[in-house]
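Comments concern the structure below.
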Amino acid sequence: MTESEPVDGVTRWARIALIAGLAYCTWQFARTPLSPEAMDSFLHRPDLVFHEAGHLIFSPLGQFMSVLGGSLLLVLIPVVCAIAFVRQEQFFGAAICVWWAGQNLVDLAPYIADARALQIVLLGGRTGAEVEGHDWEYILTRLRITHLDQTLGRLSHALGMLIMIASLGFAARTVVRKSE
């Protein structure tokens, strides 16, 4: 079934419910910018699989890319999924995947902003200050822009929010257009 075909009542209402649920989540993310609470979302733990896999997948490209690869894969996975949906003309699914990419940017924002403070609790249960730093401390230090951690964290949050809101608008548009 492509998006040009009519959507039945149950599917339409399920999509409306999904949009409403994601809109609520988006609102919650907007209320907690750069807070470690943003990393407590329902997607944070499942996405850790992609983050950790990114370190391994990008490791042949050197240490810098291996470290960056964790965050990079978090955004690439939903983008690849969105592209797959677009190729199948499933634009609602693509919009939801784009929302997921935006959510991952929001999820990364506190991590990026913590590059100097190193206070976020990492996967092992300790903070970056208690171990040898963390990914974004390494990345920003290597780029010699550690002083921009808060700015880049806010930028990641803002960009993620814009992407999430726009994708929900597009998803809603696909539902409305199917009912016309």
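Going through the structure tokens in order, the chains are called A, B, and so on, while each chain numbers its residues from 1 and the ligands are numbered from 1 in the order shown.
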Pick out the residues sitting within 10 Å of stretch 66-82 of chain A, and hand them over as a count of residues only; count only C-alpha atoms, and ignore anything fewer than 3 positions along from it in its own chain. 46
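Note that atom CA of A:Leu168 and atom CA of A:Leu148 are 30.0 Å apart.
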Check chain A with DSSP on the backbone and list each residue it calls alpha helix (DSSP H), as a PyMOL selection string. chain A and resi 9-31+44-58+63-87+91-113+135-142+149-179
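Computed from the coordinates, the atom CA of A:Ala17 to atom CA of A:Ser35 distance equals 26.9 Å.
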Skip A:Ala129 itself and residues of its chain fewer than 4 positions away, then list as a list in words all residues within 8 Å of it, counting only C-alpha atoms. Ala117, Leu118, Gln119 and Gly133 of chain A
Would you please work out which residue, of A:Gly9, A:Pro33, A:Pro46, A:Gly125, is nearest to A:His157 when using only C-alpha atoms? A:Pro33
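Closest approach to A:Glu37 from the set A:Leu18, A:Ala23, A:Met65, A:Val106 is made by A:Val106, with distances taken over only C-alpha atoms.
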Near A:Ile19, counting only C-alpha atoms, which residues have an atom at most 12 Å away, once you skip same-chain residues fewer than 2 positions from it, shown as a VMD selection string? chain A and resid 12 to 17 21 to 26 92 to 93 95 to 96 99 164 to 176
Write out the residues from the selection above, keeping N, CA and C atoms, as an mmCIF file, in the first residue's frame.
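Resulting contents of selection.cif:
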```cif
data_model
loop_
_atom_site.group_PDB
_atom_site.id
_atom_site.type_symbol
_atom_site.label_atom_id
_atom_site.label_comp_id
_atom_site.auth_asym_id
_atom_site.auth_seq_id
_atom_site.Cartn_x
_atom_site.Cartn_y
_atom_site.Cartn_z
ATOM 1 N N ARG A 12 -6.153 5.253 10.258
ATOM 2 C CA ARG A 12 -6.175 6.717 10.361
ATOM 3 C C ARG A 12 -6.174 7.146 11.826
ATOM 4 N N TRP A 13 -7.019 6.527 12.650
ATOM 5 C CA TRP A 13 -7.082 6.896 14.063
ATOM 6 C C TRP A 13 -5.812 6.488 14.811
ATOM 7 N N ALA A 14 -5.200 5.391 14.421
ATOM 8 C CA ALA A 14 -3.930 4.982 15.035
ATOM 9 C C ALA A 14 -2.847 6.008 14.722
ATOM 10 N N ARG A 15 -2.857 6.496 13.486
ATOM 11 C CA ARG A 15 -1.876 7.523 13.116
ATOM 12 C C ARG A 15 -2.119 8.818 13.878
ATOM 13 N N ILE A 16 -3.371 9.181 14.033
ATOM 14 C CA ILE A 16 -3.697 10.394 14.801
ATOM 15 C C ILE A 16 -3.235 10.220 16.249
ATOM 16 N N ALA A 17 -3.468 9.052 16.826
ATOM 17 C CA ALA A 17 -3.030 8.787 18.204
ATOM 18 C C ALA A 17 -1.509 8.840 18.319
ATOM 19 N N GLY A 21 0.586 11.386 20.623
ATOM 20 C CA GLY A 21 1.567 10.915 21.606
ATOM 21 C C GLY A 21 2.943 11.518 21.383
ATOM 22 N N LEU A 22 3.362 11.575 20.132
ATOM 23 C CA LEU A 22 4.670 12.163 19.821
ATOM 24 C C LEU A 22 4.665 13.670 20.050
ATOM 25 N N ALA A 23 3.518 14.315 19.828
ATOM 26 C CA ALA A 23 3.416 15.752 20.113
ATOM 27 C C ALA A 23 3.572 16.004 21.607
ATOM 28 N N TYR A 24 2.978 15.143 22.422
ATOM 29 C CA TYR A 24 3.136 15.257 23.876
ATOM 30 C C TYR A 24 4.606 15.083 24.263
ATOM 31 N N CYS A 25 5.254 14.067 23.685
ATOM 32 C CA CYS A 25 6.687 13.845 23.960
ATOM 33 C C CYS A 25 7.511 15.050 23.520
ATOM 34 N N THR A 26 7.169 15.601 22.371
ATOM 35 C CA THR A 26 7.883 16.776 21.857
ATOM 36 C C THR A 26 7.743 17.936 22.835
ATOM 37 N N PHE A 92 4.030 8.935 5.647
ATOM 38 C CA PHE A 92 3.749 9.012 7.084
ATOM 39 C C PHE A 92 4.882 8.347 7.867
ATOM 40 N N GLY A 93 5.260 7.137 7.473
ATOM 41 C CA GLY A 93 6.362 6.432 8.127
ATOM 42 C C GLY A 93 7.660 7.223 8.058
ATOM 43 N N ALA A 95 7.933 10.477 7.876
ATOM 44 C CA ALA A 95 7.820 11.611 8.806
ATOM 45 C C ALA A 95 8.095 11.183 10.242
ATOM 46 N N ILE A 96 7.614 10.012 10.616
ATOM 47 C CA ILE A 96 7.851 9.519 11.974
ATOM 48 C C ILE A 96 9.340 9.230 12.186
ATOM 49 N N TRP A 99 11.055 12.428 12.729
ATOM 50 C CA TRP A 99 10.835 12.848 14.118
ATOM 51 C C TRP A 99 11.855 12.162 15.018
ATOM 52 N N MET A 164 11.532 17.839 14.869
ATOM 53 C CA MET A 164 10.417 17.078 15.441
ATOM 54 C C MET A 164 9.077 17.750 15.135
ATOM 55 N N ILE A 165 9.006 19.041 15.328
ATOM 56 C CA ILE A 165 7.752 19.777 15.084
ATOM 57 C C ILE A 165 7.379 19.732 13.608
ATOM 58 N N ALA A 166 8.358 19.988 12.732
ATOM 59 C CA ALA A 166 8.074 19.967 11.292
ATOM 60 C C ALA A 166 7.629 18.587 10.826
ATOM 61 N N SER A 167 8.272 17.538 11.338
ATOM 62 C CA SER A 167 7.906 16.189 10.901
ATOM 63 C C SER A 167 6.509 15.811 11.388
ATOM 64 N N LEU A 168 6.132 16.257 12.590
ATOM 65 C CA LEU A 168 4.774 15.991 13.062
ATOM 66 C C LEU A 168 3.750 16.752 12.227
ATOM 67 N N GLY A 169 4.096 17.963 11.833
ATOM 68 C CA GLY A 169 3.222 18.727 10.945
ATOM 69 C C GLY A 169 3.033 18.012 9.617
ATOM 70 N N PHE A 170 4.122 17.487 9.082
ATOM 71 C CA PHE A 170 4.044 16.755 7.812
ATOM 72 C C PHE A 170 3.243 15.464 7.990
ATOM 73 N N ALA A 171 3.467 14.755 9.094
ATOM 74 C CA ALA A 171 2.715 13.527 9.353
ATOM 75 C C ALA A 171 1.223 13.824 9.451
ATOM 76 N N ALA A 172 0.877 14.898 10.160
ATOM 77 C CA ALA A 172 -0.536 15.293 10.281
ATOM 78 C C ALA A 172 -1.115 15.635 8.911
ATOM 79 N N ARG A 173 -0.315 16.284 8.103
ATOM 80 C CA ARG A 173 -0.767 16.642 6.750
ATOM 81 C C ARG A 173 -1.072 15.393 5.928
ATOM 82 N N THR A 174 -0.252 14.337 6.081
ATOM 83 C CA THR A 174 -0.510 13.107 5.320
ATOM 84 C C THR A 174 -1.823 12.470 5.774
ATOM 85 N N VAL A 175 -2.139 12.557 7.063
ATOM 86 C CA VAL A 175 -3.385 11.987 7.585
ATOM 87 C C VAL A 175 -4.575 12.799 7.074
ATOM 88 N N VAL A 176 -4.474 14.105 7.134
ATOM 89 C CA VAL A 176 -5.568 14.973 6.693
ATOM 90 C C VAL A 176 -5.817 14.805 5.191
#
```
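With only C-alpha atoms as the basis for measurement, A:Leu34 is the residue among A:Leu122, A:Asp40, A:Leu34, A:Glu130 that approaches A:Asp149 most closely.
The two atoms in question, atom CA of A:Arg142 and atom CA of A:Arg126, are spaced 22.7 Å apart.
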